[in-house]
file protein.txt (compact mmCIF, C-alpha atoms (C1' of nucleotides))
# COMPACT_ATOMS: atom_id res chain seq x y z
CA MET A 6 -3.54 18.50 -20.80
CA LEU A 7 -3.26 19.80 -17.27
CA ILE A 8 -2.05 17.37 -14.66
CA GLU A 9 -1.84 18.22 -11.00
CA ILE A 10 -0.43 16.15 -8.16
CA ASP A 11 -1.59 16.30 -4.56
CA PHE A 12 1.52 15.54 -2.57
CA ASN A 13 -0.51 15.26 0.63
CA SER A 14 -2.79 12.59 -0.84
CA ASP A 15 -2.64 9.06 0.51
CA GLU A 16 -2.74 7.86 -3.08
CA ALA A 17 0.58 7.16 -4.76
CA ILE A 18 1.79 9.74 -7.26
CA TYR A 19 1.98 7.24 -10.12
CA VAL A 20 -1.63 6.21 -9.40
CA GLN A 21 -2.75 9.84 -9.46
CA LEU A 22 -1.06 10.17 -12.84
CA GLN A 23 -2.82 7.07 -14.16
CA ASN A 24 -6.22 8.24 -12.96
CA GLN A 25 -5.90 11.76 -14.35
CA ILE A 26 -4.87 10.47 -17.76
CA ILE A 27 -7.72 7.96 -17.82
CA MET A 28 -10.13 10.70 -16.75
CA GLY A 29 -8.71 12.87 -19.53
CA ILE A 30 -9.53 10.19 -22.09
CA ALA A 31 -13.01 9.61 -20.67
CA MET A 32 -13.73 13.35 -20.62
CA ASP A 33 -12.51 13.57 -24.22
CA VAL A 34 -9.81 16.09 -23.31
CA ILE A 35 -7.32 13.80 -25.05
CA ARG A 36 -8.21 11.42 -27.88
CA GLU A 37 -6.91 8.37 -29.69
CA GLY A 38 -3.62 9.25 -31.36
CA ASP A 39 -2.89 12.29 -29.21
CA PRO A 40 0.65 12.46 -27.82
CA LEU A 41 1.39 12.62 -24.13
CA PRO A 42 4.38 14.50 -22.73
CA SER A 43 7.57 12.44 -22.59
CA VAL A 44 8.45 10.92 -19.25
CA ARG A 45 11.16 13.53 -18.76
CA GLN A 46 8.99 16.46 -19.80
CA LEU A 47 6.07 15.49 -17.60
CA ALA A 48 8.36 14.72 -14.69
CA GLU A 49 9.95 18.16 -14.87
CA ARG A 50 6.66 19.98 -15.46
CA VAL A 51 4.96 18.35 -12.48
CA GLY A 52 8.07 18.40 -10.33
CA ILE A 53 8.54 14.69 -9.78
CA ASN A 54 11.01 12.02 -10.76
CA MET A 55 11.27 10.53 -14.23
CA HIS A 56 10.79 6.98 -12.96
CA THR A 57 7.53 7.83 -11.27
CA VAL A 58 6.10 8.98 -14.60
CA ASN A 59 7.62 5.98 -16.33
CA LYS A 60 5.90 3.67 -13.85
CA ALA A 61 2.52 5.24 -14.57
CA TYR A 62 3.08 5.06 -18.34
CA THR A 63 4.22 1.45 -18.17
CA ILE A 64 1.09 0.37 -16.31
CA LEU A 65 -1.15 2.42 -18.63
CA LYS A 66 0.48 0.63 -21.54
CA GLN A 67 0.00 -2.74 -19.91
CA GLU A 68 -3.66 -1.95 -19.26
CA GLY A 69 -4.19 -0.90 -22.86
CA PHE A 70 -4.63 2.87 -22.63
CA ILE A 71 -1.48 4.13 -24.35
CA ARG A 72 1.22 2.98 -26.76
CA LEU A 73 4.86 3.69 -26.09
CA ASP A 74 6.94 4.50 -29.17
CA ARG A 75 10.66 5.01 -28.88
CA ARG A 76 10.51 7.77 -31.46
CA LYS A 77 7.12 9.40 -30.89
CA GLY A 78 6.95 8.97 -27.14
CA ALA A 79 3.67 8.08 -25.45
CA VAL A 80 0.50 8.14 -27.53
CA ILE A 81 -3.10 7.51 -26.55
CA ALA A 82 -4.04 4.10 -27.99
CA ILE A 83 -7.00 2.28 -26.51
CA ASP A 84 -6.92 -1.48 -26.74
CA VAL A 85 -10.55 -2.43 -26.26
CA ASP A 86 -10.72 -5.80 -24.56
CA LYS A 87 -14.30 -5.33 -23.48
CA ALA A 88 -14.82 -8.73 -21.90
CA ARG A 89 -11.79 -8.20 -19.73
CA ALA A 90 -12.82 -4.64 -18.88
CA LEU A 91 -16.29 -5.80 -17.86
CA MET A 92 -14.87 -8.49 -15.60
CA GLU A 93 -12.48 -6.10 -13.89
CA MET A 94 -15.22 -3.55 -13.40
CA LYS A 95 -17.58 -6.11 -11.89
CA GLU A 96 -14.87 -7.26 -9.53
CA ARG A 97 -14.33 -3.73 -8.24
CA LEU A 98 -18.02 -2.87 -8.23
CA ARG A 99 -18.72 -5.82 -5.95
CA ILE A 100 -16.71 -4.32 -3.12
CA LEU A 101 -17.76 -0.74 -3.79
CA LEU A 102 -21.49 -1.55 -3.93
CA ALA A 103 -21.23 -3.81 -0.89
CA LYS A 104 -20.01 -0.83 1.10
CA GLY A 105 -22.89 1.23 -0.21
CA SER A 106 -25.46 -1.48 0.40
CA CYS A 107 -24.42 -1.66 4.05
CA LYS A 108 -25.14 2.07 4.27
CA ASN A 109 -28.62 1.60 2.79
CA ILE A 110 -27.75 2.96 -0.64
CA SER A 111 -30.36 1.53 -3.02
CA LYS A 112 -29.86 0.13 -6.49
CA GLU A 113 -31.74 3.12 -7.87
CA GLU A 114 -29.45 5.57 -6.11
CA VAL A 115 -26.43 3.85 -7.64
CA HIS A 116 -28.06 4.11 -11.06
CA ALA A 117 -28.54 7.82 -10.49
CA LEU A 118 -24.87 8.23 -9.56
CA VAL A 119 -23.80 6.32 -12.65
CA ASP A 120 -25.98 8.56 -14.83
CA GLU A 121 -24.58 11.71 -13.23
CA ILE A 122 -21.03 10.56 -13.85
CA TYR A 123 -21.66 9.50 -17.43
CA ASP A 124 -23.14 12.95 -18.03
CA GLU A 125 -19.80 14.41 -16.98
CA TYR A 126 -18.09 12.58 -19.85
CA GLY A 127 -17.97 13.82 -23.42
CA LYS A 128 -21.27 13.46 -25.25
CA GLY A 129 -19.41 11.69 -28.05
CA ARG A 130 -19.06 8.43 -26.16
CA MET A 131 -22.47 7.10 -25.08
CA MET B 7 -18.38 -16.68 8.91
CA LEU B 8 -15.67 -18.05 6.67
CA ILE B 9 -12.74 -15.77 5.95
CA GLU B 10 -9.95 -16.70 3.57
CA ILE B 11 -6.77 -14.81 2.83
CA ASP B 12 -4.90 -14.93 -0.48
CA PHE B 13 -1.29 -14.48 0.51
CA ASN B 14 -0.29 -14.09 -3.14
CA SER B 15 -2.70 -11.21 -3.66
CA ASP B 16 -1.34 -7.73 -4.27
CA GLU B 17 -3.95 -6.46 -1.86
CA ALA B 18 -2.92 -6.01 1.75
CA ILE B 19 -4.15 -8.64 4.18
CA TYR B 20 -5.96 -6.14 6.38
CA VAL B 21 -7.77 -4.79 3.28
CA GLN B 22 -8.83 -8.32 2.32
CA LEU B 23 -10.22 -8.73 5.83
CA GLN B 24 -12.17 -5.47 5.60
CA ASN B 25 -13.63 -6.36 2.21
CA GLN B 26 -14.70 -9.84 3.21
CA ILE B 27 -16.43 -8.60 6.34
CA ILE B 28 -18.19 -5.84 4.40
CA MET B 29 -19.23 -8.39 1.78
CA GLY B 30 -20.50 -10.61 4.58
CA ILE B 31 -22.74 -7.82 5.83
CA ALA B 32 -23.98 -6.96 2.34
CA MET B 33 -24.72 -10.63 1.59
CA ASP B 34 -26.56 -10.86 4.92
CA VAL B 35 -24.28 -13.64 6.17
CA ILE B 36 -23.71 -11.53 9.27
CA ARG B 37 -26.20 -9.04 10.64
CA GLU B 38 -26.44 -6.07 12.98
CA GLY B 39 -25.53 -7.19 16.49
CA ASP B 40 -23.70 -10.33 15.42
CA PRO B 41 -20.31 -10.84 17.07
CA LEU B 42 -17.09 -11.16 15.11
CA PRO B 43 -14.20 -13.33 16.28
CA SER B 44 -11.80 -11.59 18.64
CA VAL B 45 -8.64 -10.21 17.12
CA ARG B 46 -6.62 -13.06 18.61
CA GLN B 47 -9.07 -15.77 17.56
CA LEU B 48 -9.34 -14.57 13.99
CA ALA B 49 -5.59 -14.06 13.75
CA GLU B 50 -4.90 -17.62 14.85
CA ARG B 51 -7.67 -19.12 12.74
CA VAL B 52 -6.51 -17.41 9.56
CA GLY B 53 -2.83 -17.76 10.38
CA ILE B 54 -1.85 -14.10 10.57
CA ASN B 55 -0.71 -11.66 13.19
CA MET B 56 -2.99 -10.16 15.80
CA HIS B 57 -2.12 -6.61 14.80
CA THR B 58 -3.15 -7.17 11.21
CA VAL B 59 -6.65 -8.14 12.36
CA ASN B 60 -6.69 -5.25 14.82
CA LYS B 61 -5.85 -2.83 12.02
CA ALA B 62 -8.74 -4.10 9.91
CA TYR B 63 -11.15 -3.91 12.87
CA THR B 64 -10.00 -0.41 13.80
CA ILE B 65 -10.63 0.91 10.27
CA LEU B 66 -13.98 -0.89 10.07
CA LYS B 67 -14.93 0.80 13.33
CA GLN B 68 -13.79 4.18 12.05
CA GLU B 69 -15.81 3.70 8.86
CA GLY B 70 -18.90 2.77 10.83
CA PHE B 71 -19.32 -0.96 10.19
CA ILE B 72 -18.56 -2.45 13.59
CA ARG B 73 -18.43 -1.49 17.25
CA LEU B 74 -15.58 -2.55 19.48
CA ASP B 75 -16.52 -3.47 23.01
CA ARG B 76 -13.85 -4.33 25.53
CA ARG B 77 -16.06 -7.00 27.03
CA LYS B 78 -18.03 -8.34 24.05
CA GLY B 79 -15.35 -7.97 21.43
CA ALA B 80 -16.21 -6.81 17.92
CA VAL B 81 -19.88 -6.54 17.00
CA ILE B 82 -21.52 -5.60 13.72
CA ALA B 83 -22.95 -2.09 14.15
CA ILE B 84 -23.70 -0.05 11.06
CA ASP B 85 -23.54 3.70 11.47
CA VAL B 86 -25.51 4.95 8.47
CA ASP B 87 -24.09 8.27 7.33
CA LYS B 88 -25.72 8.11 3.94
CA ALA B 89 -24.62 11.49 2.63
CA ARG B 90 -21.03 10.64 3.37
CA ALA B 91 -21.36 7.16 1.88
CA LEU B 92 -22.85 8.59 -1.31
CA MET B 93 -20.00 11.07 -1.67
CA GLU B 94 -17.35 8.44 -1.18
CA MET B 95 -19.04 6.10 -3.65
CA LYS B 96 -19.29 8.81 -6.29
CA GLU B 97 -15.61 9.65 -5.85
CA ARG B 98 -14.61 6.04 -6.47
CA LEU B 99 -17.15 5.49 -9.21
CA ARG B 100 -15.69 8.42 -11.17
CA ILE B 101 -12.39 6.64 -11.67
CA LEU B 102 -13.90 3.20 -12.10
CA LEU B 103 -16.43 4.33 -14.72
CA ALA B 104 -13.83 6.42 -16.53
CA LYS B 105 -11.80 3.27 -17.06
CA GLY B 106 -14.86 1.49 -18.38
CA SER B 107 -15.92 4.37 -20.59
CA CYS B 108 -12.50 4.30 -22.29
CA LYS B 109 -13.14 0.64 -23.05
CA ASN B 110 -16.50 1.46 -24.61
CA ILE B 111 -18.59 0.20 -21.72
CA SER B 112 -21.94 1.95 -21.98
CA LYS B 113 -24.04 3.43 -19.24
CA GLU B 114 -26.59 0.67 -19.80
CA GLU B 115 -23.96 -2.03 -19.39
CA VAL B 116 -22.94 -0.51 -16.06
CA HIS B 117 -26.56 -0.50 -14.96
CA ALA B 118 -26.78 -4.17 -15.86
CA LEU B 119 -23.67 -4.92 -13.78
CA VAL B 120 -25.08 -3.00 -10.84
CA ASP B 121 -28.33 -4.98 -11.06
CA GLU B 122 -26.47 -8.28 -11.24
CA ILE B 123 -24.44 -7.42 -8.16
CA TYR B 124 -27.42 -6.19 -6.17
CA ASP B 125 -29.14 -9.48 -7.00
CA GLU B 126 -26.24 -11.25 -5.29
CA TYR B 127 -27.06 -9.47 -2.03
CA GLY B 128 -29.70 -10.61 0.40
CA LYS B 129 -33.23 -9.94 -0.83
CA GLY B 130 -33.94 -8.25 2.50
CA ARG B 131 -32.02 -5.11 1.61
CA MET B 132 -33.37 -3.59 -1.59
C1' DA C 15 -9.89 -13.48 44.80
C1' DT C 16 -8.03 -15.59 40.77
C1' DT C 17 -8.06 -16.64 36.19
C1' DT C 18 -9.22 -15.75 31.63
C1' DA C 19 -10.22 -13.10 27.60
C1' DT C 20 -11.14 -8.69 25.72
C1' DG C 21 -9.46 -4.40 23.17
C1' DT C 22 -5.57 -1.26 23.41
C1' DT C 23 -0.99 0.45 23.29
C1' DA C 24 4.02 0.29 22.84
C1' DT C 25 8.32 -1.15 20.82
C1' DA C 26 11.21 -3.52 17.63
C1' DT C 27 12.28 -5.98 13.35
C1' DT C 28 11.87 -7.51 8.62
C1' DA C 29 10.13 -7.04 4.03
C1' DT C 30 7.96 -4.62 0.47
C1' DC C 31 6.54 -0.47 -1.87
C1' DT C 32 7.22 4.44 -3.18
C1' DG C 33 9.89 8.00 -4.79
C1' DT C 34 14.21 10.01 -5.84
C1' DA C 35 18.95 10.25 -7.85
C1' DT C 36 22.43 9.05 -11.37
C1' DA C 37 23.81 6.73 -15.04
C1' DA C 38 24.01 4.43 -19.15
C1' DC C 39 22.07 2.16 -23.46
C1' DA C 40 19.88 1.57 -28.28
C1' DA C 41 16.98 3.72 -31.58
C1' DA C 42 15.18 7.29 -34.21
C1' DA C 43 14.92 12.31 -35.61
C1' DG C 44 16.89 16.63 -36.83
C1' DC D 10 26.78 14.31 -34.69
C1' DT D 11 23.68 15.85 -31.43
C1' DT D 12 19.34 15.49 -29.26
C1' DT D 13 15.42 13.10 -27.58
C1' DT D 14 12.98 9.05 -27.01
C1' DG D 15 11.85 4.84 -24.08
C1' DT D 16 14.35 1.43 -21.40
C1' DT D 17 17.17 -0.60 -17.95
C1' DA D 18 20.23 -0.84 -13.94
C1' DT D 19 21.73 0.41 -9.43
C1' DA D 20 21.53 2.72 -5.09
C1' DC D 21 19.30 5.13 -1.40
C1' DA D 22 15.80 7.13 1.84
C1' DG D 23 11.17 7.04 3.50
C1' DA D 24 6.70 5.00 4.24
C1' DT D 25 3.77 1.08 4.66
C1' DA D 26 2.73 -3.85 5.78
C1' DA D 27 3.26 -7.64 8.60
C1' DT D 28 5.24 -10.02 12.27
C1' DA D 29 6.87 -10.73 17.14
C1' DT D 30 6.71 -9.79 22.10
C1' DA D 31 5.10 -7.53 25.75
C1' DA D 32 2.35 -5.13 28.79
C1' DC D 33 -2.01 -2.75 30.48
C1' DA D 34 -7.00 -1.91 32.14
C1' DT D 35 -11.42 -3.88 32.02
C1' DA D 36 -14.90 -7.13 32.55
C1' DA D 37 -16.53 -11.73 32.61
C1' DA D 38 -16.15 -16.43 34.45
C1' DT D 39 -14.74 -19.65 37.93
call {"tool": "encode", "arguments": {"input": "protein.txt", "output": "structure tokens"}}
result
Amino acid sequence: MLIEIDFNSDEAIYVQLQNQIIMGIAMDVIREGDPLPSVRQLAERVGINMHTVNKAYTILKQEGFIRLDRRKGAVIAIDVDKARALMEMKERLRILLAKGSCKNISKEEVHALVDEIYDEYGKGRM
Amino acid sequence: MLIEIDFNSDEAIYVQLQNQIIMGIAMDVIREGDPLPSVRQLAERVGINMHTVNKAYTILKQEGFIRLDRRKGAVIAIDVDKARALMEMKERLRILLAKGSCKNISKEEVHALVDEIYDEYGKGRM
DNA sequence: ATTTATGTTATATTATCTGTATAACAAAAG
DNA sequence: CTTTTGTTATACAGATAATATAACATAAAT
């Protein structure tokens, strides 16, 4: 899986890592059970420090996206706590949609955006 | 308008200020033309530094939510750049929905969340 | 005119976060 | 026994967040 870092971004490197891996899972580029590069491998490949990768992996583990095995390294392992995921999403949506609502973005336009984005994901997960 | 800061939050104070003001506009608690407290007033009322409020106001101005007048202070003034707002929302939605998709949240469930949130907003803006 | 209040700008300081740099450890695999 | 894994610890530099004073021009109020 290709991972690229924008060093000029205002977003932290470890957050960019998290997002790209989550996007990779959503887009079905990587699947349950697939191995991720080790912290040292990924760090060297991308050209960043080991601890930055480790930070991203640790949070991804805590949020239930991967499993960290001392022998096998990092492996995609989704822990589906749907109630929790729904709550977190609603919390974030509140702020995001408020911004849009102020700019006259209608409910229907948001629905259209959601549909467009879901179409970008693998057709397996609907 | 009531503004409360959670000093134990991991979110920066000036971001909390921005979000609460934006939520206030979306919920129709404050409307176009309404004045906001001056940076010094709000700072003292909430118990934070003047510059923290000024930072929030400056970004809100830059993002087109308020207008800063040297005589009148801060005033709600929405600059509707819808195309830009739609792009920014889509960018953020991509990551947010990817997280949800990994947790098996369906497109329909997102739609339901969006509807719930839009119902929280003032019935004037639909 | 004087005072007051406004946003604005500047500087300095402290604390926290980010990212890097080494180093070492226990556990498992080859 | 060597290598690789995640894990932990420490130290350091840089950026960001928040505070603390201070000053300035402008406009309103007295």
call {"tool": "interface_residues", "arguments": {"input": "protein.txt", "of": "chain C", "to": "chain A", "cutoff": "9 Å", "atoms": "only C-alpha atoms (C1' of nucleotides)", "output": "PyMOL selection string"}}
result
chain C and resi 32-35+41-43
call {"tool": "closest_atom_pairs", "arguments": {"input": "protein.txt", "of": "chain A", "to": "chain D", "cutoff": "9 Å", "atoms": "only C-alpha atoms (C1' of nucleotides)", "output": "tab-separated table"}}
result
residue	atom	partner	partner_atom	distance
A:Ser43	CA	D:DT14	C1'	7.8
A:Val44	CA	D:DG15	C1'	8.5
A:Asn59	CA	D:DG15	C1'	8.9
A:Leu73	CA	D:DG15	C1'	7.4
A:Asp74	CA	D:DG15	C1'	7.1
A:Arg75	CA	D:DG15	C1'	4.9
A:Arg76	CA	D:DT14	C1'	5.2
A:Lys77	CA	D:DT14	C1'	7.0
A:Gly78	CA	D:DT14	C1'	6.0
A:Ala79	CA	D:DG15	C1'	8.9
call {"tool": "interface_residues", "arguments": {"input": "protein.txt", "of": "chain B", "to": "chain A", "cutoff": "10 Å", "atoms": "all atoms listed in the file", "output": "PyMOL selection string"}}
result
chain B and resi 24-34+69-71+84-127+131-132
call {"tool": "atom_distance", "arguments": {"input": "protein.txt", "atom1": "CA of Arg50 in chain A", "atom2": "CA of Tyr62 in chain A"}}
result
15.6 Å
call {"tool": "atom_distance", "arguments": {"input": "protein.txt", "atom1": "CA of Gln67 in chain A", "atom2": "CA of Asp16 in chain B"}}
result
16.5 Å
call {"tool": "residues_around", "arguments": {"input": "protein.txt", "residues": "Pro41 in chain B", "least_positions_apart": "2", "cutoff": "7 Å", "atoms": "only C-alpha atoms (C1' of nucleotides)", "output": "PyMOL selection string"}}
result
chain B and resi 39+43+80-82
